[in-house]
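Q: Input file: work00.cif. Contents: mmCIF, C-alpha atoms.
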```
data_upload
loop_
_atom_site.label_atom_id
_atom_site.label_comp_id
_atom_site.auth_asym_id
_atom_site.auth_seq_id
_atom_site.Cartn_x
_atom_site.Cartn_y
_atom_site.Cartn_z
CA MET D 1 9.34 5.06 -12.82
CA ASP D 2 5.69 6.19 -12.74
CA LEU D 3 2.66 4.46 -14.22
CA VAL D 4 -0.88 5.81 -14.15
CA LEU D 5 -3.40 3.34 -15.52
CA PRO D 6 -7.09 3.76 -16.40
CA PRO D 7 -9.88 2.36 -14.25
CA ALA D 8 -9.98 -1.39 -13.78
CA ARG D 9 -12.90 -2.90 -15.63
CA SER D 10 -14.69 -6.01 -14.47
CA LYS D 11 -14.00 -8.79 -16.95
CA PRO D 12 -13.32 -12.48 -16.95
CA VAL D 13 -10.02 -13.40 -15.34
CA ALA D 14 -8.13 -16.65 -14.87
CA SER D 15 -9.87 -19.39 -12.93
CA PHE D 16 -8.90 -19.33 -9.26
CA SER D 17 -8.87 -23.11 -8.93
CA SER D 18 -5.49 -24.55 -7.97
CA SER D 19 -6.02 -27.14 -10.69
CA SER D 20 -6.23 -24.53 -13.44
CA SER D 21 -3.57 -24.28 -16.12
CA VAL D 22 -2.61 -20.83 -14.81
CA ALA D 23 -1.74 -22.34 -11.45
CA ALA D 24 0.32 -25.11 -12.99
CA VAL D 25 3.50 -23.03 -12.76
CA ALA D 26 4.25 -22.01 -9.17
CA HIS D 27 5.93 -18.70 -8.41
CA ARG D 28 7.69 -17.46 -5.30
CA PRO D 29 5.37 -17.36 -2.27
CA ALA D 30 3.95 -14.06 -1.07
CA VAL D 31 3.42 -12.93 2.52
CA ILE D 32 0.41 -10.59 2.85
CA LEU D 33 0.69 -7.96 5.59
CA PRO D 34 -2.72 -6.61 6.69
CA GLY D 35 -3.35 -2.91 7.10
CA LEU D 36 -4.34 -1.04 10.25
CA GLY D 37 -7.69 -2.29 11.55
CA ASN D 38 -7.89 -5.19 9.11
CA ASN D 39 -7.85 -8.85 10.03
CA SER D 40 -6.45 -11.87 8.21
CA GLY D 41 -9.88 -12.90 6.93
CA ASP D 42 -10.17 -9.71 4.86
CA TYR D 43 -7.55 -11.13 2.49
CA GLN D 44 -8.94 -14.64 1.89
CA LYS D 45 -10.31 -13.75 -1.53
CA LEU D 46 -7.01 -12.14 -2.50
CA GLN D 47 -5.27 -15.38 -1.52
CA LEU D 48 -7.55 -17.33 -3.88
CA ILE D 49 -6.84 -14.89 -6.69
CA LEU D 50 -3.09 -15.21 -6.19
CA GLU D 51 -3.41 -18.99 -6.09
CA GLY D 52 -5.11 -18.80 -9.49
CA TYR D 53 -1.96 -17.17 -10.85
CA GLY D 54 0.25 -19.83 -9.29
CA VAL D 55 1.35 -17.65 -6.35
CA PRO D 56 1.00 -19.41 -2.97
CA SER D 57 0.52 -16.98 -0.11
CA VAL D 58 0.46 -16.69 3.66
CA VAL D 59 -1.45 -13.95 5.47
CA VAL D 60 0.03 -12.54 8.67
CA LYS D 61 -2.32 -13.66 11.45
CA VAL D 62 -4.01 -10.53 12.80
CA SER D 63 -7.44 -9.96 14.35
CA ARG D 64 -9.13 -6.59 14.70
CA PRO D 65 -8.81 -6.54 18.51
CA ASP D 66 -5.06 -7.11 18.12
CA TRP D 67 -4.69 -3.52 16.97
CA LEU D 68 -5.69 -2.36 20.44
CA ARG D 69 -2.20 -3.45 21.49
CA ASN D 70 -0.94 -0.25 19.88
CA GLY D 71 -2.52 1.58 22.79
CA ALA D 72 0.64 0.71 24.72
CA GLY D 73 2.21 3.65 22.93
CA LEU D 74 0.11 5.99 25.06
CA LEU D 75 2.34 5.08 27.99
CA ASP D 76 5.45 6.19 26.12
CA ALA D 77 6.47 9.82 26.57
CA ASN D 78 7.61 9.84 22.95
CA TYR D 79 3.98 9.43 21.88
CA TRP D 80 3.13 12.81 23.35
CA ARG D 81 6.27 14.38 21.88
CA GLY D 82 5.49 12.99 18.42
CA THR D 83 8.74 11.00 18.40
CA LEU D 84 7.33 7.50 18.93
CA ARG D 85 9.46 4.56 17.77
CA PRO D 86 7.92 1.40 16.24
CA ARG D 87 9.54 -0.88 18.79
CA PRO D 88 8.48 -2.14 21.25
CA VAL D 89 4.97 -0.82 20.49
CA LEU D 90 4.65 -2.80 17.25
CA ASP D 91 6.75 -5.82 18.22
CA TRP D 92 3.57 -7.92 18.41
CA TYR D 93 2.91 -7.30 14.69
CA LEU D 94 6.52 -7.85 13.63
CA MET D 95 6.56 -11.18 15.47
CA ARG D 96 3.46 -12.24 13.52
CA VAL D 97 5.22 -11.26 10.29
CA GLU D 98 8.21 -13.39 11.26
CA GLU D 99 5.90 -16.37 11.87
CA ALA D 100 4.24 -15.92 8.48
CA ILE D 101 7.61 -15.62 6.75
CA ARG D 102 8.78 -18.87 8.35
CA GLU D 103 5.67 -20.56 6.94
CA ALA D 104 6.27 -19.03 3.50
CA ARG D 105 9.91 -20.16 3.55
CA ASP D 106 8.71 -23.74 3.92
CA LEU D 107 6.68 -23.22 0.74
CA ALA D 108 9.61 -21.57 -1.04
CA GLN D 109 11.97 -24.50 -0.37
CA GLY D 110 15.04 -22.33 -0.41
CA GLY D 111 13.75 -19.83 -2.96
CA SER D 112 12.94 -16.16 -2.54
CA LEU D 113 9.78 -14.50 -1.20
CA SER D 114 7.56 -11.52 -1.97
CA LEU D 115 6.11 -9.21 0.67
CA LEU D 116 2.70 -7.77 -0.18
CA GLY D 117 1.82 -4.97 2.24
CA HIS D 118 -1.61 -3.33 2.32
CA SER D 119 -1.92 0.13 3.85
CA ALA D 120 0.17 0.29 7.07
CA GLY D 121 1.32 -3.26 6.29
CA GLY D 122 3.52 -1.73 3.58
CA TRP D 123 5.63 0.46 5.85
CA LEU D 124 5.65 -2.28 8.49
CA ALA D 125 7.14 -4.52 5.81
CA ARG D 126 9.89 -1.94 5.27
CA LEU D 127 10.56 -1.94 9.01
CA PHE D 128 10.71 -5.75 9.05
CA ILE D 129 13.21 -5.80 6.17
CA GLU D 130 15.38 -3.35 8.09
CA GLU D 131 15.36 -5.03 11.49
CA PHE D 132 15.04 -8.74 10.76
CA GLU D 133 16.89 -11.24 8.61
CA ALA D 134 15.27 -10.76 5.21
CA SER D 135 17.93 -11.53 2.61
CA ASP D 136 15.53 -13.82 0.74
CA ILE D 137 13.01 -11.04 0.02
CA ALA D 138 12.99 -10.34 -3.73
CA LEU D 139 10.00 -8.01 -3.92
CA LEU D 140 8.17 -5.55 -1.70
CA LEU D 141 4.87 -4.56 -3.30
CA THR D 142 2.73 -2.08 -1.36
CA LEU D 143 -0.95 -1.34 -1.89
CA GLY D 144 -2.22 2.04 -0.72
CA THR D 145 0.53 2.43 1.86
CA PRO D 146 1.06 5.85 3.48
CA HIS D 147 4.84 5.74 3.18
CA LEU D 148 5.70 9.39 3.79
CA PRO D 149 5.42 11.21 7.11
CA PRO D 150 3.07 14.19 7.09
CA PRO D 151 4.80 17.54 6.57
CA LYS D 152 5.50 19.62 9.64
CA GLY D 153 4.43 23.17 10.31
CA ILE D 154 1.11 23.12 8.41
CA PRO D 155 -1.81 24.46 10.47
CA GLY D 156 -4.39 21.79 11.29
CA VAL D 157 -2.13 18.86 10.38
CA ILE D 158 -1.43 16.40 13.20
CA ASP D 159 0.87 13.42 12.75
CA GLN D 160 -1.52 10.58 13.50
CA THR D 161 1.38 8.10 13.66
CA ARG D 162 2.99 10.20 16.42
CA GLY D 163 6.41 9.95 14.80
CA LEU D 164 6.33 6.34 13.56
CA LEU D 165 6.56 7.29 9.88
CA ASP D 166 9.31 9.79 10.66
CA TYR D 167 11.28 6.92 12.16
CA VAL D 168 10.65 4.68 9.15
CA GLU D 169 11.63 7.46 6.74
CA LYS D 170 14.90 8.17 8.56
CA ASN D 171 15.95 4.64 9.51
CA CYS D 172 14.73 2.27 6.81
CA ARG D 173 16.67 1.72 3.63
CA LYS D 174 15.70 3.62 0.52
CA ALA D 175 13.48 2.05 -2.12
CA VAL D 176 15.20 0.36 -5.05
CA TYR D 177 14.16 -1.32 -8.27
CA THR D 178 16.94 -3.72 -9.20
CA PRO D 179 17.08 -7.28 -10.56
CA HIS D 180 17.74 -8.53 -7.03
CA LEU D 181 15.26 -6.49 -4.98
CA LYS D 182 12.28 -4.60 -6.35
CA TYR D 183 10.08 -2.07 -4.58
CA VAL D 184 6.72 -1.54 -6.30
CA CYS D 185 4.27 1.02 -4.90
CA VAL D 186 0.64 0.90 -6.06
CA ALA D 187 -1.62 3.89 -5.38
CA GLY D 188 -5.33 4.31 -6.02
CA ARG D 189 -7.11 7.28 -7.60
CA TYR D 190 -10.63 6.65 -6.37
CA ILE D 191 -11.67 10.19 -5.42
CA LYS D 192 -10.11 13.62 -5.47
CA GLY D 193 -10.35 15.49 -2.19
CA SER D 194 -11.27 19.11 -1.83
CA ARG D 195 -10.59 21.93 0.57
CA ILE D 196 -13.36 22.89 2.99
CA PHE D 197 -13.52 26.34 1.40
CA GLY D 198 -12.96 27.07 -2.29
CA GLU D 199 -12.53 24.80 -5.27
CA SER D 200 -9.40 23.15 -6.61
CA GLN D 201 -8.35 22.65 -10.20
CA ALA D 202 -7.14 19.36 -11.59
CA GLY D 203 -3.53 19.31 -12.67
CA VAL D 204 -2.11 18.30 -16.03
CA ILE D 205 0.22 15.31 -16.13
CA SER D 206 2.75 14.86 -18.91
CA THR D 207 3.68 11.68 -20.68
CA VAL D 208 7.23 10.34 -20.81
CA PRO D 209 7.89 7.20 -22.88
CA VAL D 210 9.56 4.09 -21.53
CA ASN D 211 12.85 3.18 -23.14
CA GLY D 212 12.80 -0.58 -23.52
CA ASP D 213 13.64 -2.45 -20.31
CA GLU D 214 15.62 0.34 -18.68
CA LEU D 215 14.90 0.69 -14.99
CA ILE D 216 15.24 4.48 -14.90
CA SER D 217 12.24 5.54 -16.94
CA GLU D 218 8.88 7.12 -16.36
CA VAL D 219 5.41 6.60 -17.76
CA THR D 220 2.31 8.59 -16.95
CA VAL D 221 -0.93 7.84 -18.76
CA VAL D 222 -3.90 9.94 -17.72
CA ASN D 223 -7.52 8.95 -18.06
CA GLU D 224 -8.94 12.42 -18.61
CA GLU D 225 -12.51 11.47 -17.78
CA THR D 226 -11.42 10.44 -14.29
CA SER D 227 -8.68 12.97 -13.64
CA THR D 228 -10.29 16.21 -14.78
CA GLY D 229 -13.57 17.99 -14.43
CA SER D 230 -15.10 21.29 -13.42
CA THR D 231 -17.97 20.18 -11.20
CA SER D 232 -18.19 21.67 -7.71
CA PRO D 233 -16.71 19.48 -4.99
CA THR D 234 -19.17 17.45 -2.94
CA TRP D 235 -19.29 17.37 0.84
CA ARG D 236 -17.88 13.86 0.58
CA ALA D 237 -14.87 15.19 -1.35
CA ARG D 238 -14.41 17.91 1.25
CA PHE D 239 -14.58 15.39 4.11
CA ILE D 240 -12.15 13.00 2.41
CA GLY D 241 -9.92 15.93 1.57
CA GLN D 242 -9.51 16.67 5.27
CA GLY D 243 -8.33 13.09 5.74
CA TYR D 244 -5.86 13.48 2.89
CA LYS D 245 -4.59 16.70 4.45
CA GLN D 246 -3.68 14.88 7.67
CA VAL D 247 -1.54 12.49 5.62
CA CYS D 248 0.18 14.72 3.04
CA GLY D 249 -0.62 18.29 4.10
CA ARG D 250 -3.00 18.96 1.18
CA ALA D 251 -6.71 18.35 0.72
CA ASP D 252 -7.13 18.88 -3.03
CA VAL D 253 -5.26 15.77 -4.20
CA TRP D 254 -6.18 12.39 -5.64
CA GLY D 255 -6.24 9.31 -3.46
CA ASP D 256 -7.94 6.02 -2.74
CA GLY D 257 -10.38 7.50 -0.24
CA VAL D 258 -7.95 7.14 2.68
CA VAL D 259 -4.36 7.53 1.44
CA PRO D 260 -3.31 10.29 -1.01
CA GLU D 261 -1.66 9.10 -4.19
CA GLU D 262 1.50 11.11 -3.54
CA SER D 263 1.97 9.57 -0.08
CA ALA D 264 1.68 6.02 -1.44
CA HIS D 265 4.77 6.37 -3.66
CA LEU D 266 8.43 6.04 -2.70
CA GLU D 267 11.28 7.62 -4.63
CA GLY D 268 13.34 4.88 -6.25
CA ALA D 269 10.46 2.40 -6.49
CA LEU D 270 8.36 1.50 -9.50
CA LYS D 271 5.31 3.71 -8.94
CA ILE D 272 1.92 2.65 -10.30
CA SER D 273 -1.31 4.64 -9.98
CA LEU D 274 -4.64 2.99 -10.77
CA ASP D 275 -7.74 5.01 -11.51
CA GLY D 276 -10.97 4.04 -9.77
CA VAL D 277 -9.36 1.92 -7.01
CA TYR D 278 -10.63 2.09 -3.43
CA HIS D 279 -8.45 1.68 -0.34
CA SER D 280 -9.86 -1.20 1.69
CA PRO D 281 -11.37 -4.65 1.23
CA VAL D 282 -13.93 -3.60 3.86
CA GLY D 283 -16.69 -1.70 2.09
CA SER D 284 -15.40 -2.55 -1.38
CA ASP D 285 -17.28 -4.09 -4.28
CA ASP D 286 -15.56 -5.76 -7.21
CA ASP D 287 -17.86 -4.06 -9.73
CA SER D 288 -18.76 -0.60 -8.41
CA ARG D 289 -15.98 0.01 -5.87
CA PRO D 290 -13.01 -2.26 -6.55
CA TRP D 291 -10.13 -2.26 -4.10
CA TYR D 292 -6.49 -3.21 -4.70
CA GLY D 293 -7.31 -6.91 -4.26
CA SER D 294 -10.30 -7.08 -6.61
CA PRO D 295 -9.74 -9.45 -9.57
CA ALA D 296 -9.60 -6.80 -12.30
CA VAL D 297 -7.24 -4.66 -10.21
CA VAL D 298 -4.91 -7.53 -9.28
CA GLU D 299 -4.57 -8.08 -13.02
CA LYS D 300 -2.88 -4.65 -13.20
CA TRP D 301 -0.05 -5.51 -10.77
CA ILE D 302 0.22 -9.31 -10.63
CA GLU D 303 3.03 -9.42 -13.19
CA HIS D 304 5.47 -8.24 -10.50
CA LEU D 305 4.82 -11.36 -8.45
CA LEU D 306 5.37 -13.58 -11.47
CA ASP D 307 8.79 -12.40 -12.69
#
```
For this file, write the structure as structure tokens.
A:
Amino acid sequence: MDLVLPPARSKPVASFSSSSSVAAVAHRPAVILPGLGNNSGDYQKLQLILEGYGVPSVVVKVSRPDWLRNGAGLLDANYWRGTLRPRPVLDWYLMRVEEAIREARDLAQGGSLSLLGHSAGGWLARLFIEEFEASDIALLLTLGTPHLPPPKGIPGVIDQTRGLLDYVEKNCRKAVYTPHLKYVCVAGRYIKGSRIFGESQAGVISTVPVNGDELISEVTVVNEETSTGSTSPTWRARFIGQGYKQVCGRADVWGDGVVPEESAHLEGALKISLDGVYHSPVGSDDDSRPWYGSPAVVEKWIEHLLD
């Protein structure tokens, strides 16, 4: 199921006070998994926004220096072969997730939980579901997560995860969208990348209607102002395109400035693409450069935490 929505516009949203009428009805708690290089404090505003919708949340406790722990992978021969496994290199992060989930379970009082993974936090959430007791997880919602391993055999493309995403792809369960467990993948279309040499043409996306509440359906709605154009690519687009190429093997694709749209979607999940949405809370601005956690953008995906 695919959704492509127009740019998020800044407009009044529900009050984020816990005493507001919106927050009167509590929903299942959410555990927020930070992305690579982010710390817990980057998600404080997102927590307040979720609270305004009646969704209590816990952020996995991570500091920026913590990510240096991943350097332990350099001592593993599999790193140099490109066949690195997530454990034990990422055990430190998974243990933090387990601690946050224990805290969220106290809030849930026997109910179910949502996992909200930003960037690498999304595929780390998939790994956690696979390797830890997680039967009370009802929703995995990912924001700008590079789910798919980069294609092999393309000149100039180096797997920056050194095999981690290959492992996740081969060993973690497939995405589903069922009444009991829902996978929702949100991708941003902030800027289209470009090849270093030559120009690329925007593609045409068709529209397929949704049939009531059926789970197997597709919707694609294109904002033509954002998705098409004939202007020459800028150096910024060329630079970002090289980053996209390292992730999906192609430079001339749409993405959130870091992760290509096509890499942020999993087959079997509900796939949502949002025009004008930037990758990270760092460097974002709610008006001119909104990220996935900006108020007007949250409004586009919050319904999945409320069902």
Q: Might you spell out which residues the PyMOL selection byres ((chain D and resi 158) around 12) would select in the displayed file, as an mmCIF file with C-alpha atoms, in the frame of the given file?
A:
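The result, stored in result-v9.cif:
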```
data_model
loop_
_atom_site.group_PDB
_atom_site.id
_atom_site.type_symbol
_atom_site.label_atom_id
_atom_site.label_comp_id
_atom_site.auth_asym_id
_atom_site.auth_seq_id
_atom_site.Cartn_x
_atom_site.Cartn_y
_atom_site.Cartn_z
ATOM 1 C CA TRP D 80 3.130 12.810 23.350
ATOM 2 C CA ARG D 81 6.270 14.380 21.880
ATOM 3 C CA GLY D 82 5.490 12.990 18.420
ATOM 4 C CA PRO D 149 5.420 11.210 7.110
ATOM 5 C CA PRO D 150 3.070 14.190 7.090
ATOM 6 C CA PRO D 151 4.800 17.540 6.570
ATOM 7 C CA LYS D 152 5.500 19.620 9.640
ATOM 8 C CA GLY D 153 4.430 23.170 10.310
ATOM 9 C CA ILE D 154 1.110 23.120 8.410
ATOM 10 C CA PRO D 155 -1.810 24.460 10.470
ATOM 11 C CA GLY D 156 -4.390 21.790 11.290
ATOM 12 C CA VAL D 157 -2.130 18.860 10.380
ATOM 13 C CA ASP D 159 0.870 13.420 12.750
ATOM 14 C CA GLN D 160 -1.520 10.580 13.500
ATOM 15 C CA THR D 161 1.380 8.100 13.660
ATOM 16 C CA ARG D 162 2.990 10.200 16.420
ATOM 17 C CA GLY D 163 6.410 9.950 14.800
ATOM 18 C CA GLN D 242 -9.510 16.670 5.270
ATOM 19 C CA GLY D 243 -8.330 13.090 5.740
ATOM 20 C CA TYR D 244 -5.860 13.480 2.890
ATOM 21 C CA LYS D 245 -4.590 16.700 4.450
ATOM 22 C CA GLN D 246 -3.680 14.880 7.670
ATOM 23 C CA VAL D 247 -1.540 12.490 5.620
ATOM 24 C CA CYS D 248 0.180 14.720 3.040
ATOM 25 C CA GLY D 249 -0.620 18.290 4.100
#
```
Q: Considering only C-alpha atoms, can you say which of D:Ile191, D:Leu107, D:Leu50, D:Leu33 comes closest to Gly122 (chain D)?
A: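 The answer is D:Leu33, which sits nearest to Gly122 (chain D).
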Q: Which residues would end up in the selection if the PyMOL selection byres ((chain D and resi 194) around 8) were applied here, given that I need the answer as a list in words?
A: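 Applied to this file, the PyMOL selection byres ((chain D and resi 194) around 8) returns Lys192, Gly193, Arg195, Ile196, Glu199, Ser200, Pro233, Ala237, Arg238, Phe239, Ile240, Gly241, Gln242, Ala251, Asp252 and Val253 of chain D.
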Q: What do you get, as a ChimeraX atom specification, if you spell out every residue that the PyMOL selection byres ((chain D and resi 265) around 12) selects here?
A: /D:1-4,119,122-123,141-149,175,183-188,248,255,259-264,266-273
Q: Have a look at CA of Leu94 (chain D) and CA of Arg189 (chain D) and let me know their distance in Å, one decimal.
A: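 A separation of 29.4 Å between them.
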Q: Near Ser280 (chain D), counting all atoms listed in the file, which residues have an atom at most 10 Å away, once you skip same-chain residues fewer than 4 positions from it, shown as a list in words?
A: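 Listing them by chain and then by number gives Gly35, Asn38, Asp42, His118, Ser119, Leu143, Gly144, Asp256, Gly257, Val258, Ser284, Asp285, Arg289, Pro290, Trp291, Tyr292 and Gly293 of chain D.
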Q: Can you write just those residues out, C-alpha atoms, as an mmCIF file, in the frame of the given file?
A:
```cif
data_model
loop_
_atom_site.group_PDB
_atom_site.id
_atom_site.type_symbol
_atom_site.label_atom_id
_atom_site.label_comp_id
_atom_site.auth_asym_id
_atom_site.auth_seq_id
_atom_site.Cartn_x
_atom_site.Cartn_y
_atom_site.Cartn_z
ATOM 1 C CA GLY D 35 -3.350 -2.910 7.100
ATOM 2 C CA ASN D 38 -7.890 -5.190 9.110
ATOM 3 C CA ASP D 42 -10.170 -9.710 4.860
ATOM 4 C CA HIS D 118 -1.610 -3.330 2.320
ATOM 5 C CA SER D 119 -1.920 0.130 3.850
ATOM 6 C CA LEU D 143 -0.950 -1.340 -1.890
ATOM 7 C CA GLY D 144 -2.220 2.040 -0.720
ATOM 8 C CA ASP D 256 -7.940 6.020 -2.740
ATOM 9 C CA GLY D 257 -10.380 7.500 -0.240
ATOM 10 C CA VAL D 258 -7.950 7.140 2.680
ATOM 11 C CA SER D 284 -15.400 -2.550 -1.380
ATOM 12 C CA ASP D 285 -17.280 -4.090 -4.280
ATOM 13 C CA ARG D 289 -15.980 0.010 -5.870
ATOM 14 C CA PRO D 290 -13.010 -2.260 -6.550
ATOM 15 C CA TRP D 291 -10.130 -2.260 -4.100
ATOM 16 C CA TYR D 292 -6.490 -3.210 -4.700
ATOM 17 C CA GLY D 293 -7.310 -6.910 -4.260
#
```
Q: Quick one: distance from CA of Leu306 (chain D) to CA of Gly54 (chain D) in Å, one decimal?
A: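 Computing it gives 8.4 Å between the two atoms.
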Q: Quick one: distance from CA of Trp67 (chain D) to CA of Arg28 (chain D) in Å, one decimal?
A: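 Atom-to-atom, CA of Trp67 (chain D) to CA of Arg28 (chain D), that is 29.0 Å.
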Q: So which one's closest to Val58 (chain D), D:Val168, D:Ile137, D:Leu74, D:Leu115? Using only C-alpha atoms, please.
A: D:Leu115
Q: Which one of D:Leu165, D:Leu124, D:Ala72, D:Leu305 sits closest to Tyr93 (chain D) if you count only C-alpha atoms?
A: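 The shortest atom-to-atom distance to Tyr93 (chain D) comes from D:Leu124.
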Q: Which residue, D:Trp92, D:Tyr190, D:Tyr53, D:Trp301, has the smallest gap to His279 (chain D) when you use only C-alpha atoms?
A: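 For His279 (chain D), the nearest of the given residues is D:Tyr190.
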Q: Would you pull region 128-136 of chain D out of the block just shown and save all heavy atoms as a PDB file, in the first residue's frame?
A:
```pdb
ATOM      1  N   PHE D 128      15.519  -5.807  16.895  1.00  0.00           N
ATOM      2  CA  PHE D 128      15.067  -6.041  18.260  1.00  0.00           C
ATOM      3  C   PHE D 128      13.844  -6.975  18.263  1.00  0.00           C
ATOM      4  O   PHE D 128      13.779  -7.920  19.063  1.00  0.00           O
ATOM      5  CB  PHE D 128      14.712  -4.723  18.942  1.00  0.00           C
ATOM      6  CG  PHE D 128      14.309  -4.896  20.382  1.00  0.00           C
ATOM      7  CD1 PHE D 128      15.258  -4.860  21.395  1.00  0.00           C
ATOM      8  CD2 PHE D 128      12.986  -5.129  20.737  1.00  0.00           C
ATOM      9  CE1 PHE D 128      14.899  -5.043  22.721  1.00  0.00           C
ATOM     10  CE2 PHE D 128      12.609  -5.325  22.053  1.00  0.00           C
ATOM     11  CZ  PHE D 128      13.571  -5.281  23.049  1.00  0.00           C
ATOM     12  N   ILE D 129      12.890  -6.711  17.398  1.00  0.00           N
ATOM     13  CA  ILE D 129      11.692  -7.550  17.315  1.00  0.00           C
ATOM     14  C   ILE D 129      12.074  -9.001  17.035  1.00  0.00           C
ATOM     15  O   ILE D 129      11.468  -9.933  17.568  1.00  0.00           O
ATOM     16  CB  ILE D 129      10.729  -7.018  16.230  1.00  0.00           C
ATOM     17  CG1 ILE D 129      10.112  -5.685  16.679  1.00  0.00           C
ATOM     18  CG2 ILE D 129       9.630  -8.032  15.920  1.00  0.00           C
ATOM     19  CD1 ILE D 129       9.286  -4.998  15.608  1.00  0.00           C
ATOM     20  N   GLU D 130      13.098  -9.184  16.222  1.00  0.00           N
ATOM     21  CA  GLU D 130      13.509 -10.537  15.833  1.00  0.00           C
ATOM     22  C   GLU D 130      14.221 -11.271  16.965  1.00  0.00           C
ATOM     23  O   GLU D 130      14.028 -12.477  17.144  1.00  0.00           O
ATOM     24  CB  GLU D 130      14.439 -10.456  14.612  1.00  0.00           C
ATOM     25  CG  GLU D 130      14.730 -11.791  13.965  1.00  0.00           C
ATOM     26  CD  GLU D 130      13.491 -12.416  13.343  1.00  0.00           C
ATOM     27  OE1 GLU D 130      12.640 -11.673  12.810  1.00  0.00           O
ATOM     28  OE2 GLU D 130      13.387 -13.655  13.399  1.00  0.00           O
ATOM     29  N   GLU D 131      15.032 -10.584  17.742  1.00  0.00           N
ATOM     30  CA  GLU D 131      15.936 -11.257  18.668  1.00  0.00           C
ATOM     31  C   GLU D 131      15.574 -11.115  20.138  1.00  0.00           C
ATOM     32  O   GLU D 131      16.222 -11.716  20.988  1.00  0.00           O
ATOM     33  CB  GLU D 131      17.362 -10.763  18.424  1.00  0.00           C
ATOM     34  CG  GLU D 131      17.800 -10.969  16.972  1.00  0.00           C
ATOM     35  CD  GLU D 131      19.295 -11.111  16.804  1.00  0.00           C
ATOM     36  OE1 GLU D 131      20.017 -11.125  17.805  1.00  0.00           O
ATOM     37  OE2 GLU D 131      19.730 -11.239  15.644  1.00  0.00           O
ATOM     38  N   PHE D 132      14.541 -10.330  20.441  1.00  0.00           N
ATOM     39  CA  PHE D 132      14.120 -10.169  21.823  1.00  0.00           C
ATOM     40  C   PHE D 132      12.630 -10.479  21.936  1.00  0.00           C
ATOM     41  O   PHE D 132      11.909 -10.522  20.943  1.00  0.00           O
ATOM     42  CB  PHE D 132      14.387  -8.738  22.312  1.00  0.00           C
ATOM     43  CG  PHE D 132      15.840  -8.417  22.501  1.00  0.00           C
ATOM     44  CD1 PHE D 132      16.672  -8.196  21.400  1.00  0.00           C
ATOM     45  CD2 PHE D 132      16.394  -8.331  23.768  1.00  0.00           C
ATOM     46  CE1 PHE D 132      18.011  -7.896  21.560  1.00  0.00           C
ATOM     47  CE2 PHE D 132      17.736  -8.027  23.951  1.00  0.00           C
ATOM     48  CZ  PHE D 132      18.548  -7.815  22.838  1.00  0.00           C
ATOM     49  N   GLU D 133      12.181 -10.668  23.164  1.00  0.00           N
ATOM     50  CA  GLU D 133      10.761 -10.911  23.391  1.00  0.00           C
ATOM     51  C   GLU D 133       9.987  -9.629  23.089  1.00  0.00           C
ATOM     52  O   GLU D 133      10.154  -8.610  23.759  1.00  0.00           O
ATOM     53  CB  GLU D 133      10.524 -11.321  24.859  1.00  0.00           C
ATOM     54  CG  GLU D 133       9.066 -11.405  25.263  1.00  0.00           C
ATOM     55  CD  GLU D 133       8.251 -12.315  24.352  1.00  0.00           C
ATOM     56  OE1 GLU D 133       8.740 -13.394  23.981  1.00  0.00           O
ATOM     57  OE2 GLU D 133       7.122 -11.922  24.019  1.00  0.00           O
ATOM     58  N   ALA D 134       9.164  -9.669  22.056  1.00  0.00           N
ATOM     59  CA  ALA D 134       8.470  -8.455  21.624  1.00  0.00           C
ATOM     60  C   ALA D 134       7.047  -8.750  21.173  1.00  0.00           C
ATOM     61  O   ALA D 134       6.538  -8.145  20.238  1.00  0.00           O
ATOM     62  CB  ALA D 134       9.251  -7.792  20.498  1.00  0.00           C
ATOM     63  N   SER D 135       6.391  -9.687  21.854  1.00  0.00           N
ATOM     64  CA  SER D 135       5.043 -10.083  21.445  1.00  0.00           C
ATOM     65  C   SER D 135       4.013  -8.995  21.698  1.00  0.00           C
ATOM     66  O   SER D 135       2.894  -9.061  21.164  1.00  0.00           O
ATOM     67  CB  SER D 135       4.627 -11.362  22.186  1.00  0.00           C
ATOM     68  OG  SER D 135       4.649 -11.155  23.589  1.00  0.00           O
ATOM     69  N   ASP D 136       4.357  -7.978  22.502  1.00  0.00           N
ATOM     70  CA  ASP D 136       3.399  -6.918  22.788  1.00  0.00           C
ATOM     71  C   ASP D 136       3.570  -5.718  21.872  1.00  0.00           C
ATOM     72  O   ASP D 136       2.946  -4.676  22.079  1.00  0.00           O
ATOM     73  CB  ASP D 136       3.509  -6.471  24.252  1.00  0.00           C
ATOM     74  CG  ASP D 136       4.929  -6.094  24.661  1.00  0.00           C
ATOM     75  OD1 ASP D 136       5.839  -6.275  23.842  1.00  0.00           O
ATOM     76  OD2 ASP D 136       5.101  -5.629  25.804  1.00  0.00           O
TER      77      ASP D 136
END
```
